[in-house]
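Chemist: File start30.cif below, mmCIF, C-alpha atoms:
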data_my_file
#
loop_
_atom_site.label_atom_id
_atom_site.label_comp_id
_atom_site.auth_asym_id
_atom_site.auth_seq_id
_atom_site.Cartn_x
_atom_site.Cartn_y
_atom_site.Cartn_z
CA MET A 241 16.41 -13.78 -26.70
CA ASP A 242 12.69 -13.83 -27.62
CA GLN A 243 9.88 -12.40 -25.46
CA THR A 244 8.79 -15.81 -24.15
CA HIS A 245 12.25 -16.51 -22.73
CA LEU A 246 12.49 -12.98 -21.34
CA PHE A 247 9.14 -13.36 -19.60
CA THR A 248 10.11 -16.73 -18.09
CA LEU A 249 13.43 -15.33 -16.90
CA SER A 250 11.75 -12.26 -15.43
CA GLN A 251 9.26 -14.46 -13.56
CA ALA A 252 12.13 -16.46 -12.04
CA TYR A 253 13.83 -13.22 -11.11
CA GLU A 254 10.63 -11.98 -9.44
CA GLY A 255 10.64 -15.10 -7.29
CA LEU A 256 14.23 -14.43 -6.25
CA LEU A 257 13.39 -10.85 -5.33
CA GLN A 258 10.45 -12.03 -3.25
CA LYS A 259 12.78 -14.33 -1.30
CA MET A 260 15.14 -11.42 -0.78
CA GLY A 261 12.25 -9.39 0.55
CA GLU A 262 11.40 -12.09 3.06
CA LYS A 263 14.86 -11.98 4.60
CA ASN A 264 16.23 -8.49 4.14
CA ASN A 265 15.37 -4.86 4.68
CA ALA A 266 17.46 -1.80 5.32
CA GLY A 267 16.70 1.77 6.25
CA GLY A 268 13.02 1.03 6.66
CA GLN A 269 12.83 -0.42 3.14
CA PHE A 270 10.55 -3.44 2.74
CA PHE A 271 9.72 -5.25 -0.47
CA THR A 272 6.04 -4.82 -1.39
CA PRO A 273 4.00 -8.02 -1.90
CA ARG A 274 3.26 -8.44 -5.60
CA GLU A 275 -0.48 -8.92 -5.03
CA VAL A 276 -0.65 -5.49 -3.36
CA ILE A 277 1.27 -3.94 -6.26
CA ARG A 278 -1.09 -5.55 -8.79
CA ALA A 279 -4.13 -4.22 -6.94
CA ILE A 280 -2.68 -0.69 -6.88
CA VAL A 281 -1.74 -0.77 -10.57
CA ARG A 282 -5.18 -2.08 -11.58
CA THR A 283 -6.88 0.66 -9.55
CA ILE A 284 -4.78 3.48 -11.06
CA ASP A 285 -4.95 1.89 -14.55
CA PRO A 286 -1.98 3.62 -16.28
CA LYS A 287 -2.27 3.97 -20.06
CA VAL A 288 0.36 3.93 -22.79
CA GLY A 289 1.45 7.52 -23.40
CA GLU A 290 1.46 8.35 -19.69
CA THR A 291 4.67 8.62 -17.69
CA VAL A 292 5.00 6.40 -14.59
CA TYR A 293 7.25 7.34 -11.66
CA ASP A 294 8.35 5.63 -8.44
CA PRO A 295 10.55 7.89 -6.27
CA GLY A 296 11.64 4.96 -4.06
CA CYS A 297 11.52 2.13 -6.54
CA GLY A 298 13.52 -0.56 -4.72
CA THR A 299 13.82 -3.53 -7.09
CA GLY A 300 11.36 -1.94 -9.53
CA GLY A 301 8.26 -3.95 -8.63
CA PHE A 302 5.74 -1.16 -9.24
CA LEU A 303 7.30 -0.17 -12.56
CA ALA A 304 7.52 -3.78 -13.76
CA GLN A 305 3.89 -4.52 -12.89
CA ALA A 306 2.76 -1.27 -14.50
CA PHE A 307 4.59 -2.31 -17.67
CA GLU A 308 2.83 -5.70 -17.70
CA TRP A 309 -0.56 -4.04 -17.14
CA MET A 310 -0.05 -1.43 -19.86
CA ARG A 311 1.32 -3.92 -22.39
CA THR A 312 -1.59 -6.30 -21.81
CA GLY A 313 -4.03 -3.41 -22.09
CA LEU A 314 -2.79 -2.56 -25.57
CA GLY A 315 -4.03 -5.85 -26.99
CA SER A 316 -4.47 -5.60 -30.76
CA ALA A 317 -3.59 -1.89 -30.62
CA ALA A 318 0.08 -2.74 -29.82
CA THR A 319 1.69 -0.95 -32.76
CA ALA A 320 5.46 -0.72 -33.08
CA GLU A 321 5.41 2.96 -32.11
CA ARG A 322 3.26 2.41 -29.02
CA MET A 323 5.53 -0.40 -27.88
CA ARG A 324 8.56 1.84 -28.42
CA VAL A 325 6.98 4.55 -26.26
CA LEU A 326 6.13 1.97 -23.61
CA ARG A 327 9.62 0.46 -23.53
CA GLU A 328 11.66 3.65 -23.85
CA ASP A 329 9.75 6.75 -22.72
CA THR A 330 7.45 5.65 -19.93
CA PHE A 331 9.14 4.47 -16.73
CA PHE A 332 11.09 6.63 -14.28
CA GLY A 333 12.30 5.96 -10.77
CA ARG A 334 14.77 6.77 -8.03
CA GLU A 335 16.62 4.42 -5.70
CA LYS A 336 19.04 5.16 -2.89
CA ALA A 337 20.51 1.75 -1.94
CA ASP A 338 23.75 0.88 -3.71
CA LEU A 339 23.05 -2.87 -3.80
CA VAL A 340 19.41 -2.53 -4.86
CA TYR A 341 19.95 -0.05 -7.72
CA PRO A 342 21.57 -2.51 -10.21
CA ILE A 343 18.98 -5.15 -9.25
CA ALA A 344 16.21 -2.72 -10.19
CA LEU A 345 17.81 -2.06 -13.58
CA ALA A 346 18.23 -5.78 -14.29
CA ASN A 347 14.67 -6.55 -13.19
CA LEU A 348 13.15 -3.90 -15.46
CA VAL A 349 15.25 -4.88 -18.47
CA LEU A 350 14.26 -8.53 -17.99
CA HIS A 351 10.62 -7.48 -18.00
CA GLY A 352 11.13 -5.84 -21.38
CA ILE A 353 11.65 -2.18 -20.45
CA ASP A 354 14.48 -1.21 -22.78
CA HIS A 355 15.20 2.16 -21.18
CA PRO A 356 14.56 2.17 -17.42
CA HIS A 357 15.17 5.78 -16.41
CA ILE A 358 16.34 5.12 -12.84
CA TRP A 359 18.18 7.80 -10.88
CA HIS A 360 20.64 6.62 -8.22
CA GLY A 361 20.75 8.74 -5.08
CA ASN A 362 18.75 10.11 -2.16
CA THR A 363 15.38 11.33 -3.44
CA LEU A 364 14.71 13.46 -0.37
CA THR A 365 18.06 15.26 -0.13
CA GLY A 366 18.65 15.37 -3.89
CA GLN A 367 22.17 13.97 -3.38
CA GLU A 368 23.01 12.17 -6.61
CA THR A 369 25.19 9.09 -7.00
CA TYR A 370 24.48 8.54 -10.69
CA GLY A 371 21.90 10.40 -12.76
CA GLY A 372 22.84 9.54 -16.32
CA LEU A 373 19.80 7.37 -17.00
CA PHE A 374 17.46 10.09 -15.70
CA ALA A 375 18.64 12.75 -18.14
CA GLY A 376 15.70 14.42 -19.86
CA ALA A 377 13.14 13.15 -17.32
CA PRO A 378 10.06 15.35 -16.92
CA SER A 379 9.66 17.43 -13.77
CA THR A 380 6.16 16.06 -13.14
CA PHE A 381 4.48 12.76 -14.03
CA ASP A 382 1.11 11.36 -15.04
CA VAL A 383 1.22 8.45 -12.58
CA VAL A 384 3.10 7.90 -9.32
CA LEU A 385 3.21 4.43 -7.75
CA MET A 386 5.21 3.78 -4.60
CA ASN A 387 5.72 2.35 -1.14
CA PRO A 388 7.85 4.77 0.91
CA PRO A 389 10.22 3.34 3.56
CA PHE A 390 8.55 2.50 6.89
CA GLY A 391 9.95 4.19 9.97
CA GLY A 392 12.88 5.78 8.16
CA LYS A 393 14.39 9.02 9.42
CA GLU A 394 16.00 11.89 7.54
CA GLY A 395 18.08 14.75 8.92
CA LYS A 396 17.88 18.48 8.30
CA GLU A 397 19.57 18.15 4.90
CA ALA A 398 16.44 16.44 3.55
CA GLN A 399 13.98 18.55 5.50
CA THR A 400 15.24 21.82 3.97
CA ASN A 401 13.75 20.73 0.63
CA PHE A 402 10.21 20.54 1.98
CA ALA A 403 7.62 23.03 3.17
CA TYR A 404 6.70 20.95 6.22
CA LYS A 405 9.71 19.85 8.25
CA THR A 406 9.86 16.40 9.85
CA GLY A 407 12.30 13.52 10.14
CA ALA A 408 9.59 11.03 9.12
CA THR A 409 10.48 9.84 5.62
CA GLN A 410 6.93 8.78 4.74
CA VAL A 411 5.63 12.30 5.34
CA LEU A 412 8.46 13.81 3.28
CA PHE A 413 7.82 11.30 0.49
CA LEU A 414 4.11 12.15 0.53
CA GLN A 415 5.01 15.81 -0.01
CA HIS A 416 7.41 14.80 -2.80
CA VAL A 417 4.72 12.70 -4.49
CA ILE A 418 2.17 15.53 -4.45
CA ASP A 419 4.75 17.91 -5.94
CA SER A 420 5.78 15.32 -8.56
CA LEU A 421 2.30 14.86 -10.01
CA ARG A 422 1.19 16.95 -12.96
CA ALA A 423 -2.30 18.50 -12.86
CA GLY A 424 -4.70 15.59 -13.38
CA GLY A 425 -2.01 13.05 -12.49
CA ARG A 426 -2.91 10.25 -10.13
CA CYS A 427 -1.15 8.27 -7.44
CA GLY A 428 -1.51 4.88 -5.76
CA MET A 429 0.75 4.32 -2.77
CA VAL A 430 1.22 2.33 0.43
CA ILE A 431 1.32 4.28 3.69
CA ASP A 432 1.90 3.39 7.32
CA GLU A 433 -1.36 3.80 9.26
CA GLY A 434 0.45 5.96 11.80
CA VAL A 435 0.76 8.70 9.16
CA LEU A 436 -3.02 8.68 8.72
CA PHE A 437 -4.05 9.09 12.35
CA ARG A 438 -1.17 11.07 13.85
CA ASN A 439 -2.12 14.68 14.46
CA ASN A 440 0.22 15.47 17.36
CA GLU A 441 2.98 16.74 15.05
CA THR A 442 2.45 19.84 12.96
CA ALA A 443 4.13 18.47 9.80
CA PHE A 444 1.79 15.46 9.75
CA VAL A 445 -1.30 17.67 9.90
CA GLN A 446 0.05 20.19 7.41
CA THR A 447 0.99 17.48 4.91
CA LYS A 448 -2.43 15.85 5.12
CA ARG A 449 -4.09 19.24 4.75
CA LYS A 450 -1.95 19.82 1.64
CA LEU A 451 -3.01 16.43 0.30
CA LEU A 452 -6.70 17.24 0.73
CA ASN A 453 -6.33 20.79 -0.61
CA ASP A 454 -4.20 20.00 -3.67
CA CYS A 455 -5.57 16.56 -4.52
CA ASP A 456 -8.79 14.60 -4.65
CA LEU A 457 -8.12 11.76 -2.18
CA TRP A 458 -10.81 9.50 -3.58
CA CYS A 459 -10.02 6.20 -1.85
CA ILE A 460 -8.30 4.70 1.20
CA VAL A 461 -8.03 0.92 1.56
CA SER A 462 -7.31 -0.42 5.05
CA LEU A 463 -5.08 -3.48 4.67
CA PRO A 464 -4.93 -6.33 7.21
CA PRO A 465 -2.17 -6.43 9.81
CA GLY A 466 0.54 -8.81 8.68
CA VAL A 467 0.58 -7.93 4.96
CA PHE A 468 4.29 -7.12 5.27
CA SER A 469 5.09 -9.84 7.81
CA SER A 470 6.95 -11.89 5.17
CA ALA A 471 9.27 -8.91 4.73
CA GLY A 472 9.84 -8.60 8.46
CA ALA A 473 7.50 -5.66 9.11
CA GLY A 474 4.52 -5.90 11.44
CA VAL A 475 3.31 -2.38 10.67
CA LYS A 476 -0.38 -1.79 9.81
CA THR A 477 -0.68 -0.25 6.34
CA ASN A 478 -3.20 1.43 4.04
CA LEU A 479 -3.43 2.24 0.34
CA LEU A 480 -3.99 5.83 -0.75
CA PHE A 481 -5.41 6.76 -4.15
CA PHE A 482 -5.59 10.40 -5.21
CA THR A 483 -5.64 12.72 -8.22
CA LYS A 484 -3.76 16.05 -8.36
CA GLY A 485 -6.03 19.06 -8.75
CA GLY A 486 -8.39 18.69 -5.76
CA PRO A 487 -9.67 19.69 -3.35
CA THR A 488 -11.01 16.56 -1.67
CA GLU A 489 -14.73 16.74 -0.86
CA ARG A 490 -15.17 13.19 0.42
CA VAL A 491 -13.11 10.00 0.86
CA TRP A 492 -14.37 6.51 0.05
CA TYR A 493 -12.98 3.85 2.40
CA TYR A 494 -12.72 0.10 1.88
CA ASP A 495 -11.89 -2.18 4.82
CA LEU A 496 -9.85 -5.40 4.56
CA SER A 497 -8.45 -5.15 8.09
CA ASP A 498 -10.40 -8.13 9.47
CA ILE A 499 -8.75 -10.64 7.11
CA LYS A 500 -6.19 -12.87 8.77
CA VAL A 501 -2.81 -12.66 7.04
CA THR A 502 0.35 -14.54 8.01
CA LYS A 503 3.60 -15.59 6.36
CA LYS A 504 2.00 -18.87 5.34
CA GLN A 505 -1.33 -17.26 4.48
CA PRO A 506 -0.55 -14.08 2.52
CA LEU A 507 -3.02 -11.57 1.15
CA THR A 508 -4.24 -12.78 -2.24
CA VAL A 509 -5.74 -10.80 -5.11
CA ASP A 510 -9.16 -12.46 -4.76
CA ARG A 511 -9.62 -10.49 -1.53
CA PHE A 512 -9.93 -7.36 -3.70
CA GLU A 513 -12.79 -8.70 -5.86
CA SER A 514 -15.56 -6.87 -4.01
CA PHE A 515 -13.41 -3.73 -3.88
CA PHE A 516 -13.11 -3.67 -7.67
CA GLU A 517 -16.85 -4.33 -8.06
CA LEU A 518 -17.75 -1.36 -5.84
CA LEU A 519 -14.97 1.00 -6.96
CA PRO A 520 -16.68 2.50 -10.07
CA SER A 521 -19.67 3.71 -8.03
CA ARG A 522 -17.83 3.90 -4.69
CA ALA A 523 -20.91 2.41 -3.11
CA ASP A 524 -21.45 1.69 0.56
CA SER A 525 -21.37 -1.89 1.85
CA ASP A 526 -20.39 -3.83 4.96
CA ARG A 527 -16.78 -3.08 4.04
CA SER A 528 -17.09 0.38 2.48
CA TRP A 529 -18.30 3.83 3.51
CA THR A 530 -17.77 7.51 2.75
CA VAL A 531 -16.44 10.27 5.00
CA SER A 532 -16.92 13.98 4.21
CA ARG A 533 -14.20 16.62 4.24
CA ASP A 534 -15.97 18.34 7.14
CA GLU A 535 -15.76 15.17 9.25
CA ILE A 536 -12.05 14.82 8.48
CA GLU A 537 -11.34 18.42 9.44
CA ALA A 538 -13.35 18.00 12.64
CA ARG A 539 -11.04 15.10 13.52
CA ARG A 540 -8.02 17.35 12.83
CA PHE A 541 -7.11 15.44 9.69
CA ASP A 542 -7.19 12.00 11.26
CA LEU A 543 -7.65 9.83 8.14
CA LYS A 544 -7.60 6.43 9.82
CA ALA A 545 -10.19 3.95 8.54
CA VAL A 546 -12.78 3.21 11.23
CA ASN A 547 -15.47 0.99 9.72
CA PRO A 548 -18.89 2.08 11.04
CA ASN A 549 -20.36 -1.22 9.79
CA ALA A 550 -17.92 -3.50 11.60
CA ARG A 551 -19.58 -5.99 13.89
CA SER A 552 -18.66 -5.42 17.50
CA THR A 553 -17.05 -8.32 19.34
CA GLU A 554 -17.25 -6.51 22.66
CA ASP A 555 -18.86 -8.48 25.50
CA THR A 556 -21.73 -6.26 26.69
CA ARG A 557 -22.89 -8.54 29.52
CA THR A 558 -22.91 -7.00 33.02
CA PRO A 559 -20.89 -8.47 35.91
CA GLU A 560 -24.14 -9.68 37.50
CA GLU A 561 -25.11 -11.51 34.30
CA LEU A 562 -21.70 -13.16 34.09
CA LEU A 563 -21.95 -14.31 37.72
CA ASP A 564 -25.40 -15.78 37.02
CA ILE A 565 -23.96 -17.70 34.05
CA ILE A 566 -21.07 -19.02 36.16
CA GLU A 567 -23.46 -20.08 38.91
CA SER A 568 -25.74 -21.84 36.44
CA LYS A 569 -22.82 -23.70 34.84
CA GLY A 570 -21.64 -24.66 38.31
CA ARG A 571 -24.98 -26.28 39.09
CA GLU A 572 -24.80 -28.23 35.82
CA VAL A 573 -21.33 -29.50 36.73
CA ASP A 574 -22.47 -30.51 40.26
CA ALA A 575 -25.42 -32.44 38.80
CA ALA A 576 -23.17 -34.25 36.30
CA ILE A 577 -20.69 -35.23 39.04
CA ALA A 578 -23.50 -36.51 41.28
CA SER A 579 -24.82 -38.63 38.42
CA LEU A 580 -21.38 -40.14 37.76
CA ARG A 581 -20.91 -41.00 41.45
CA GLY A 582 -24.29 -42.71 41.41
CA LEU A 583 -23.25 -44.85 38.48
CA LEU A 584 -20.06 -45.87 40.28
CA ARG A 585 -22.06 -46.93 43.34
CA GLY A 586 -24.42 -48.93 41.16
CA ASP A 587 -27.47 -46.81 41.96
CA PRO A 588 -30.47 -47.64 39.78
CA VAL A 589 -30.79 -45.46 36.74
#
Could I get this file's structure written as C-alpha cells?
Modeler:
Amino acid sequence: MDQTHLFTLSQAYEGLLQKMGEKNNAGGQFFTPREVIRAIVRTIDPKVGETVYDPGCGTGGFLAQAFEWMRTGLGSAATAERMRVLREDTFFGREKADLVYPIALANLVLHGIDHPHIWHGNTLTGQETYGGLFAGAPSTFDVVLMNPPFGGKEGKEAQTNFAYKTGATQVLFLQHVIDSLRAGGRCGMVIDEGVLFRNNETAFVQTKRKLLNDCDLWCIVSLPPGVFSSAGAGVKTNLLFFTKGGPTERVWYYDLSDIKVTKKQPLTVDRFESFFELLPSRADSDRSWTVSRDEIEARRFDLKAVNPNARSTEDTRTPEELLDIIESKGREVDAAIASLRGLLRGDPV
C-alpha cells in the first residue's frame, strides 16, 4: 500500500478514534482533542533524531501527530536514513488499557511508524502485561508529550515508586515525566487545573517544587472550560511546557480561558495564532503575562493562571445607585403607560 493510501486510511481511523473519545472513557482516561495535540507538538517542535515518549499514550494521538510534524519538517532533507530513524527509532509509549493498546499500535502503523515501541502495562506501578516492543528503549527521552488521566487514583503499590506519595495519578505522572526527561529534554503536557492551584496536600506542593527546581517551566497556557466536553469531561485544563535542567526563574502565561467552547463549537487551532506570534519573545499582551519564581513561592506554589489584564465584569454600582436606576426606570414606565391610556381615550396628541 503506498503512502497516499496509508495517509487516507489513517485519517479515517483518526475520525473513528475521535468518535470513540466522544462516547467513552475509563479510569479517568479521556481522548485529547487533535487541535490541542497539534498546538502542543508545534510548541515543543520535536526534531528527527530526538526520541519522543508518551507514558500514557492512549490511542497514540501525540505520537502520531509528532510523526506528522517531524516528517513534514524534514522537507527536502528527508533522506532514506532519516526516514528510517523516524519510522523505527523515534517513538515510545506506554498504555495500560487492554482494549486501547492494540488500537494504539494500529493507529501508529497506519500513520507510517513502522516500529511503534509501545509497552503494555501500568506505567505507575511498573506492572507489565507485554513489554516486547519496548525492548532496548532508552531510560530517558528528548521529548515527552502526554495527557495524564483526569481524576484517576492509584494505590500504595504505585506510590512506592515515587518520592512524593499521593493517590492522584496526575501528580504521580508529573513526577514520572520529570524523571523520564534527559538533561535538556522538553515536555508539553495537559494538566488538570486543580493540580496547579492545590497546595493543601504535601505531595502536590513537593511535586511542583521539584518541577520548578529541576526544570525550566517556561510556559503555561490556560485552556477554556469545555475543551474536553466532547469526551465527557468538564474539567478545566492547562498546558505545561518545560525543559529539564532548570531551575525556573519565571513563568510566561497565556490565557485562552475566556473563549466559549462547547461540543458543537470546539477549540480550533486558529485560537492559538496570537500565542504562536508572542511565544518566541514571550511578550506581554492582553492575554499574556509573566510571573516570577518569588511570586510563585509566596503563593506556596500555586501555579494557577490569573490574568492581571482580564477585564472585570463585576458590577461595582452601590445599592443606592441601583435603587436610583430602578426608580428612574419606573418613572419612564409610568409615563409610557399614561401616554398609552391617553391614546385609548382619544386625548389630543
Chemist: Looking at all atoms listed in the file, which of A:Pro464, A:Gly361, A:Pro388, A:Gly301 is the one that sits closest to Val417 in chain A?
Modeler: A:Pro388
Chemist: Which of these, A:Gly298, A:Thr283, A:Ala304, A:Lys450, has the shortest distance to Leu518 in chain A once you count all atoms listed in the file?
Modeler: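 Closest to Leu518 in chain A, using all atoms listed in the file: A:Thr283.
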Chemist: Carefully work through the PyMOL selection byres ((chain A and resi 313-323) around 10) for this structure and note down the residues it includes, as a ChimeraX atom specification.
Modeler: /A:285-289,307-312,324-329,353
Chemist: Give me the residues within 9 Å of Lys336 in chain A as a PyMOL selection string, counting all atoms listed in the file and dropping any in the same chain fewer than 5 places off.
Modeler: chain A and resi 296-298+341+359-363+368-369
Chemist: What is the CA of His357 in chain A-CA of Leu339 in chain A distance in Å, reported with one decimal?
Modeler: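 About the pair CA of His357 in chain A and CA of Leu339 in chain A: they are 17.2 Å apart.
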Chemist: Running the PyMOL selection byres ((chain A and resi 476-492) around 7) on this model by hand, what would come out? Give it as a short mmCIF file (atom, residue, chain, number, x, y, z; two decimals) with C-alpha atoms, in the coordinates of the input.
Modeler:
data_model
loop_
_atom_site.label_atom_id
_atom_site.label_comp_id
_atom_site.auth_asym_id
_atom_site.auth_seq_id
_atom_site.Cartn_x
_atom_site.Cartn_y
_atom_site.Cartn_z
CA LEU A 421 2.30 14.86 -10.01
CA ARG A 422 1.19 16.95 -12.96
CA ALA A 423 -2.30 18.50 -12.86
CA GLY A 424 -4.70 15.59 -13.38
CA GLY A 425 -2.01 13.05 -12.49
CA ARG A 426 -2.91 10.25 -10.13
CA CYS A 427 -1.15 8.27 -7.44
CA GLY A 428 -1.51 4.88 -5.76
CA MET A 429 0.75 4.32 -2.77
CA VAL A 430 1.22 2.33 0.43
CA ILE A 431 1.32 4.28 3.69
CA ASP A 432 1.90 3.39 7.32
CA GLU A 433 -1.36 3.80 9.26
CA LEU A 452 -6.70 17.24 0.73
CA ASN A 453 -6.33 20.79 -0.61
CA ASP A 454 -4.20 20.00 -3.67
CA CYS A 455 -5.57 16.56 -4.52
CA ASP A 456 -8.79 14.60 -4.65
CA LEU A 457 -8.12 11.76 -2.18
CA TRP A 458 -10.81 9.50 -3.58
CA CYS A 459 -10.02 6.20 -1.85
CA ILE A 460 -8.30 4.70 1.20
CA VAL A 461 -8.03 0.92 1.56
CA SER A 462 -7.31 -0.42 5.05
CA LEU A 463 -5.08 -3.48 4.67
CA PRO A 464 -4.93 -6.33 7.21
CA PRO A 465 -2.17 -6.43 9.81
CA GLY A 474 4.52 -5.90 11.44
CA VAL A 475 3.31 -2.38 10.67
CA TYR A 493 -12.98 3.85 2.40
CA TYR A 494 -12.72 0.10 1.88
CA ARG A 522 -17.83 3.90 -4.69
CA TRP A 529 -18.30 3.83 3.51
CA THR A 530 -17.77 7.51 2.75
CA VAL A 531 -16.44 10.27 5.00
CA SER A 532 -16.92 13.98 4.21
CA ARG A 533 -14.20 16.62 4.24
#
Chemist: Check which residues satisfy the PyMOL selection byres ((chain A and resi 342) around 12) in the file shown, then give them as a ChimeraX atom specification.
Modeler: /A:297-300,334-341,343-349,356,358-360,370
Chemist: May I have the residues within 7 Å of range 537-550 of chain A as number ranges by chain, using all atoms listed in the file and disregarding those fewer than 2 positions away in the same chain?
Modeler: A: 433, 436-439, 445, 448-449, 462, 493, 495, 526, 533-535, 552
Chemist: So how far away is CA of Val384 in chain A from CA of Pro506 in chain A, in Å?
Modeler: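 Those two atoms sit 25.2 Å apart.
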Chemist: Quick check, in Å to one decimal: how far apart do CA of Lys396 in chain A and CA of Phe332 in chain A lie?
Modeler: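 Distance reported for this atom pair: 26.4 Å.
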Chemist: Pull C-alpha atoms for range 270-346 of chain A from the block and write them as a CSV table (one decimal), in the first residue's frame.
Modeler:
chain,number,residue,atom,x,y,z
A,270,PHE,CA,-10.1,11.0,28.0
A,271,PHE,CA,-9.1,11.3,24.4
A,272,THR,CA,-7.3,14.6,23.7
A,273,PRO,CA,-8.7,16.9,21.0
A,274,ARG,CA,-6.4,16.8,18.0
A,275,GLU,CA,-6.2,20.6,17.8
A,276,VAL,CA,-4.8,20.7,21.3
A,277,ILE,CA,-2.3,17.9,20.4
A,278,ARG,CA,-1.2,19.9,17.3
A,279,ALA,CA,-0.7,23.0,19.3
A,280,ILE,CA,1.5,21.2,21.9
A,281,VAL,CA,3.6,19.4,19.2
A,282,ARG,CA,4.1,22.7,17.3
A,283,THR,CA,5.2,24.4,20.5
A,284,ILE,CA,7.7,21.7,21.5
A,285,ASP,CA,8.9,21.2,17.9
A,286,PRO,CA,10.5,17.8,18.0
A,287,LYS,CA,13.2,17.1,15.5
A,288,VAL,CA,14.3,14.0,13.7
A,289,GLY,CA,17.0,12.3,15.8
A,290,GLU,CA,15.2,13.0,19.0
A,291,THR,CA,13.3,10.3,20.9
A,292,VAL,CA,9.6,11.0,21.7
A,293,TYR,CA,7.8,9.4,24.6
A,294,ASP,CA,4.2,9.3,25.9
A,295,PRO,CA,3.9,7.4,29.2
A,296,GLY,CA,0.1,7.2,28.9
A,297,CYS,CA,-0.4,7.2,25.1
A,298,GLY,CA,-4.0,6.0,24.8
A,299,THR,CA,-4.7,5.6,21.1
A,300,GLY,CA,-1.3,7.2,20.2
A,301,GLY,CA,-2.5,10.7,19.2
A,302,PHE,CA,0.5,12.6,20.5
A,303,LEU,CA,3.0,10.2,18.9
A,304,ALA,CA,1.1,10.2,15.6
A,305,GLN,CA,0.9,14.0,15.4
A,306,ALA,CA,4.6,14.3,16.4
A,307,PHE,CA,5.4,11.9,13.5
A,308,GLU,CA,3.5,14.1,11.0
A,309,TRP,CA,5.1,17.2,12.3
A,310,MET,CA,8.7,15.8,12.1
A,311,ARG,CA,8.1,14.2,8.7
A,312,THR,CA,6.8,17.5,7.3
A,313,GLY,CA,9.7,19.4,8.9
A,314,LEU,CA,12.2,17.2,7.0
A,315,GLY,CA,11.1,18.6,3.6
A,316,SER,CA,13.8,18.1,1.0
A,317,ALA,CA,16.2,16.8,3.7
A,318,ALA,CA,14.1,13.5,4.0
A,319,THR,CA,16.9,11.1,3.2
A,320,ALA,CA,16.3,7.3,3.4
A,321,GLU,CA,18.3,7.1,6.6
A,322,ARG,CA,16.5,9.9,8.3
A,323,MET,CA,13.2,8.4,7.4
A,324,ARG,CA,14.3,5.0,8.8
A,325,VAL,CA,15.3,6.7,12.1
A,326,LEU,CA,11.9,8.5,12.2
A,327,ARG,CA,9.9,5.3,11.5
A,328,GLU,CA,11.9,2.9,13.6
A,329,ASP,CA,13.9,4.5,16.4
A,330,THR,CA,11.9,7.5,17.5
A,331,PHE,CA,8.5,6.8,19.1
A,332,PHE,CA,8.0,5.2,22.5
A,333,GLY,CA,4.9,4.9,24.7
A,334,ARG,CA,3.1,3.1,27.5
A,335,GLU,CA,-0.5,2.1,27.7
A,336,LYS,CA,-2.5,0.3,30.4
A,337,ALA,CA,-5.9,-0.4,28.9
A,338,ASP,CA,-6.2,-3.8,27.3
A,339,LEU,CA,-8.7,-2.6,24.6
A,340,VAL,CA,-6.8,0.6,23.8
A,341,TYR,CA,-3.3,-0.9,23.4
A,342,PRO,CA,-3.9,-2.7,20.1
A,343,ILE,CA,-5.7,0.3,18.8
A,344,ALA,CA,-2.7,2.5,19.5
A,345,LEU,CA,-0.4,0.1,17.6
A,346,ALA,CA,-2.7,0.0,14.6
